[in-house]
Amino acid sequence: MIKHYNDYVQEMVNLMVESGFGEYGRTARKRWYEAFGRYLSEAGLVYSDENVSKWLEEVVKPANTRQQYHVTARYMEQLREFIRTGEIRIENLLLVKPDHDKLPPEIRGTLDEYLASREPDYSPESMRLAKLHTANFLLRLCEKG
């Protein structure tokens with residue numbers, strides 16, 4: 001039997017309840033999942049990564065703040081993982097990933113190599129700040145192209 005999108009949403013909500021999610025976190029996710037479900041229904045579409053991306057870009061992004069767009073995209077990533085695997089890894093429940101983790105793998109690797117080479121010269125706090133600010137700068141460069 002093929003599950004319907006709404007079945008996945010309900011299972012996701014149940015998982016959040018079992019995992020101790022607060023009411024706000026559950027309600028916010030469910031509201032966006034239901035909005036996407038209405039979009040699918042009204043457009044006669046089925047769940048797919050392509051339809052999620054299209055909805056985020058054409059519906060969510062123009063009508064919401066940049067922050068709300070990114071939060072909604074994370075909610076949808078969480079649902080995608082749940083639909084594919086039946087679970088969500090704890091690190092994917094975080095709404096905000098550090099800039100370092102957002103970098104393309106080849107850039108992140110180069111940054112890590114550089115930071116490792118400089119580690120003997122700096123305190124742990126200086127290294128933490130260098131990683132934080134350098135990753136932020138590199139991410140902005142990547143976004144600009």
# chains A, B, ... in the order shown; residues from 1 in each chain; ligands from 1
$ closest_atom_pairs --of "segment 28-118 of chain A" --to "segment 125-141 of chain A" --cutoff "12 Å" --atoms "only C-alpha atoms" --output "tab-separated table"
residue	atom	partner	partner_atom	distance
A:Lys97	CA	A:Asn136	CA	11.6
A:Pro98	CA	A:Leu132	CA	8.1
A:Asp99	CA	A:Asn136	CA	5.5
A:His100	CA	A:Ala135	CA	5.0
A:Asp101	CA	A:Ala135	CA	8.6
A:Lys102	CA	A:Leu139	CA	7.3
A:Leu103	CA	A:Leu139	CA	5.9
A:Pro104	CA	A:Leu139	CA	8.6
A:Pro105	CA	A:Leu139	CA	11.7
A:Glu106	CA	A:Leu138	CA	11.8
A:Ile107	CA	A:Leu138	CA	8.2
A:Arg108	CA	A:Ala135	CA	8.0
A:Gly109	CA	A:Ala135	CA	11.2
A:Thr110	CA	A:Ala135	CA	10.9
A:Leu111	CA	A:Ala135	CA	7.8
A:Asp112	CA	A:Lys131	CA	8.3
A:Glu113	CA	A:Lys131	CA	11.3
A:Tyr114	CA	A:Lys131	CA	9.9
A:Leu115	CA	A:Lys131	CA	7.2
A:Ala116	CA	A:Met127	CA	9.1
A:Ser117	CA	A:Met127	CA	10.9
A:Arg118	CA	A:Met127	CA	8.2
$ write_last_selection --atoms "C-alpha atoms" --output "PDB file, in the first residue's frame"
ATOM      1  CA  LYS A  97      23.138  24.692  10.660  1.00  0.00           C
ATOM      2  CA  PRO A  98      26.480  26.352  11.369  1.00  0.00           C
ATOM      3  CA  ASP A  99      27.885  28.182   8.330  1.00  0.00           C
ATOM      4  CA  HIS A 100      30.797  25.731   8.293  1.00  0.00           C
ATOM      5  CA  ASP A 101      28.347  22.853   7.679  1.00  0.00           C
ATOM      6  CA  LYS A 102      26.644  24.770   4.855  1.00  0.00           C
ATOM      7  CA  LEU A 103      29.850  25.151   2.841  1.00  0.00           C
ATOM      8  CA  PRO A 104      30.348  22.974  -0.236  1.00  0.00           C
ATOM      9  CA  PRO A 105      32.441  19.925   0.758  1.00  0.00           C
ATOM     10  CA  GLU A 106      35.543  20.950  -1.218  1.00  0.00           C
ATOM     11  CA  ILE A 107      35.627  24.420   0.343  1.00  0.00           C
ATOM     12  CA  ARG A 108      34.876  23.060   3.810  1.00  0.00           C
ATOM     13  CA  GLY A 109      37.735  20.562   3.417  1.00  0.00           C
ATOM     14  CA  THR A 110      40.169  23.272   2.371  1.00  0.00           C
ATOM     15  CA  LEU A 111      39.117  25.459   5.289  1.00  0.00           C
ATOM     16  CA  ASP A 112      39.525  22.560   7.720  1.00  0.00           C
ATOM     17  CA  GLU A 113      43.029  21.833   6.388  1.00  0.00           C
ATOM     18  CA  TYR A 114      44.006  25.486   6.747  1.00  0.00           C
ATOM     19  CA  LEU A 115      42.609  25.737  10.260  1.00  0.00           C
ATOM     20  CA  ALA A 116      44.390  22.528  11.286  1.00  0.00           C
ATOM     21  CA  SER A 117      47.675  23.955  10.010  1.00  0.00           C
ATOM     22  CA  ARG A 118      47.171  27.104  12.115  1.00  0.00           C
TER      23      ARG A 118
END
$ residues_around --residues "Lys54 of chain A" --least-positions-apart "4" --cutoff "12 Å" --atoms "only C-alpha atoms" --output "list in words"
Phe36, Tyr39, Leu40, Ala43, Leu45, Tyr47, Ser48, Asp49, Glu50, Glu58, Val59, Val60, Lys61, Pro62 and Ala73 of chain A
$ write_last_selection --atoms "N, CA and C atoms" --output "PDB file, in the first residue's frame"
ATOM      1  N   PHE A  36       1.730  22.905   2.424  1.00  0.00           N
ATOM      2  CA  PHE A  36       2.291  22.236   1.253  1.00  0.00           C
ATOM      3  C   PHE A  36       1.318  21.182   0.727  1.00  0.00           C
ATOM      4  N   TYR A  39      -1.227  22.884  -1.332  1.00  0.00           N
ATOM      5  CA  TYR A  39      -0.611  23.246  -2.609  1.00  0.00           C
ATOM      6  C   TYR A  39      -0.612  22.047  -3.548  1.00  0.00           C
ATOM      7  N   LEU A  40      -0.205  20.894  -3.046  1.00  0.00           N
ATOM      8  CA  LEU A  40      -0.192  19.685  -3.875  1.00  0.00           C
ATOM      9  C   LEU A  40      -1.594  19.354  -4.361  1.00  0.00           C
ATOM     10  N   ALA A  43      -3.010  21.879  -6.952  1.00  0.00           N
ATOM     11  CA  ALA A  43      -2.319  21.814  -8.238  1.00  0.00           C
ATOM     12  C   ALA A  43      -2.388  20.425  -8.870  1.00  0.00           C
ATOM     13  N   LEU A  45      -0.857  17.723  -7.808  1.00  0.00           N
ATOM     14  CA  LEU A  45       0.500  17.178  -7.809  1.00  0.00           C
ATOM     15  C   LEU A  45       0.663  16.136  -6.712  1.00  0.00           C
ATOM     16  N   TYR A  47       3.704  14.368  -3.920  1.00  0.00           N
ATOM     17  CA  TYR A  47       4.920  14.742  -3.221  1.00  0.00           C
ATOM     18  C   TYR A  47       6.146  14.342  -4.029  1.00  0.00           C
ATOM     19  N   SER A  48       7.074  15.299  -4.180  1.00  0.00           N
ATOM     20  CA  SER A  48       8.387  15.030  -4.772  1.00  0.00           C
ATOM     21  C   SER A  48       9.318  16.150  -4.334  1.00  0.00           C
ATOM     22  N   ASP A  49      10.623  15.873  -4.379  1.00  0.00           N
ATOM     23  CA  ASP A  49      11.591  16.913  -4.028  1.00  0.00           C
ATOM     24  C   ASP A  49      11.447  18.114  -4.953  1.00  0.00           C
ATOM     25  N   GLU A  50      11.177  17.837  -6.220  1.00  0.00           N
ATOM     26  CA  GLU A  50      11.009  18.919  -7.198  1.00  0.00           C
ATOM     27  C   GLU A  50       9.816  19.800  -6.843  1.00  0.00           C
ATOM     28  N   GLU A  58       8.359  29.455  -5.294  1.00  0.00           N
ATOM     29  CA  GLU A  58       7.264  30.214  -5.911  1.00  0.00           C
ATOM     30  C   GLU A  58       6.191  30.682  -4.949  1.00  0.00           C
ATOM     31  N   VAL A  59       6.037  29.988  -3.826  1.00  0.00           N
ATOM     32  CA  VAL A  59       4.964  30.338  -2.889  1.00  0.00           C
ATOM     33  C   VAL A  59       5.526  30.882  -1.572  1.00  0.00           C
ATOM     34  N   VAL A  60       6.409  30.135  -0.954  1.00  0.00           N
ATOM     35  CA  VAL A  60       6.893  30.511   0.381  1.00  0.00           C
ATOM     36  C   VAL A  60       7.820  31.712   0.331  1.00  0.00           C
ATOM     37  N   LYS A  61       8.816  31.672  -0.542  1.00  0.00           N
ATOM     38  CA  LYS A  61       9.831  32.726  -0.576  1.00  0.00           C
ATOM     39  C   LYS A  61       9.258  34.118  -0.844  1.00  0.00           C
ATOM     40  N   PRO A  62       8.391  34.275  -1.847  1.00  0.00           N
ATOM     41  CA  PRO A  62       7.878  35.628  -2.111  1.00  0.00           C
ATOM     42  C   PRO A  62       6.977  36.189  -1.011  1.00  0.00           C
ATOM     43  N   ALA A  73      12.106  25.769   4.795  1.00  0.00           N
ATOM     44  CA  ALA A  73      12.913  24.833   4.004  1.00  0.00           C
ATOM     45  C   ALA A  73      13.495  23.744   4.907  1.00  0.00           C
TER      46      ALA A  73
END
$ closest_residue --among "A:His70, A:Arg89, A:Arg80, A:Lys144" --to "Asn51 of chain A" --atoms "only C-alpha atoms"
A:Arg80
$ select_by_dssp --residues "segment 45-103 of chain A" --states "alpha helix (DSSP H)" --output "mmCIF file with C-alpha atoms, in the first residue's frame"
data_model
loop_
_atom_site.group_PDB
_atom_site.id
_atom_site.type_symbol
_atom_site.label_atom_id
_atom_site.label_comp_id
_atom_site.auth_asym_id
_atom_site.auth_seq_id
_atom_site.Cartn_x
_atom_site.Cartn_y
_atom_site.Cartn_z
ATOM 1 C CA ASP A 49 11.591 16.913 -4.028
ATOM 2 C CA GLU A 50 11.009 18.919 -7.198
ATOM 3 C CA ASN A 51 7.530 19.980 -6.070
ATOM 4 C CA VAL A 52 8.873 20.923 -2.629
ATOM 5 C CA SER A 53 11.544 23.124 -4.235
ATOM 6 C CA LYS A 54 9.018 24.705 -6.588
ATOM 7 C CA TRP A 55 6.616 25.466 -3.714
ATOM 8 C CA LYS A 61 9.831 32.726 -0.576
ATOM 9 C CA PRO A 62 7.878 35.628 -2.111
ATOM 10 C CA ALA A 63 5.354 35.781 0.737
ATOM 11 C CA ARG A 66 14.137 35.341 4.438
ATOM 12 C CA GLN A 67 14.322 33.769 7.895
ATOM 13 C CA GLN A 68 10.864 32.184 7.618
ATOM 14 C CA TYR A 69 11.725 30.855 4.174
ATOM 15 C CA HIS A 70 14.861 29.156 5.534
ATOM 16 C CA VAL A 71 13.020 27.755 8.563
ATOM 17 C CA THR A 72 10.294 26.362 6.301
ATOM 18 C CA ALA A 73 12.913 24.833 4.004
ATOM 19 C CA ARG A 74 14.453 23.093 7.048
ATOM 20 C CA TYR A 75 11.032 21.803 8.088
ATOM 21 C CA MET A 76 10.582 20.350 4.613
ATOM 22 C CA GLU A 77 14.070 18.768 4.718
ATOM 23 C CA GLN A 78 13.078 17.101 7.982
ATOM 24 C CA LEU A 79 9.878 15.761 6.455
ATOM 25 C CA ARG A 80 11.766 14.534 3.384
ATOM 26 C CA GLU A 81 14.171 12.591 5.604
ATOM 27 C CA PHE A 82 11.245 11.114 7.532
ATOM 28 C CA ILE A 83 9.450 10.056 4.345
ATOM 29 C CA ARG A 84 12.611 8.420 3.000
ATOM 30 C CA THR A 85 13.887 6.740 6.168
ATOM 31 C CA ASP A 99 27.885 28.182 8.330
ATOM 32 C CA HIS A 100 30.797 25.731 8.293
ATOM 33 C CA ASP A 101 28.347 22.853 7.679
ATOM 34 C CA LYS A 102 26.644 24.770 4.855
#
$ residues_around --residues "segment 9-26 of chain A" --least-positions-apart "2" --cutoff "10 Å" --atoms "only C-alpha atoms" --output "list in words"
His4, Tyr5, Asn6, Asp7, Ala28, Arg29, Lys30, Arg31, Tyr33, Glu34, Gly37, Tyr75, Gln78, Leu79, Phe82, Ile83, Gly86, Glu87 and Ile88 of chain A
$ atom_distance --atom1 "atom CA of Tyr8 of chain A" --atom2 "atom CA of Ala35 of chain A"
14.1 Å
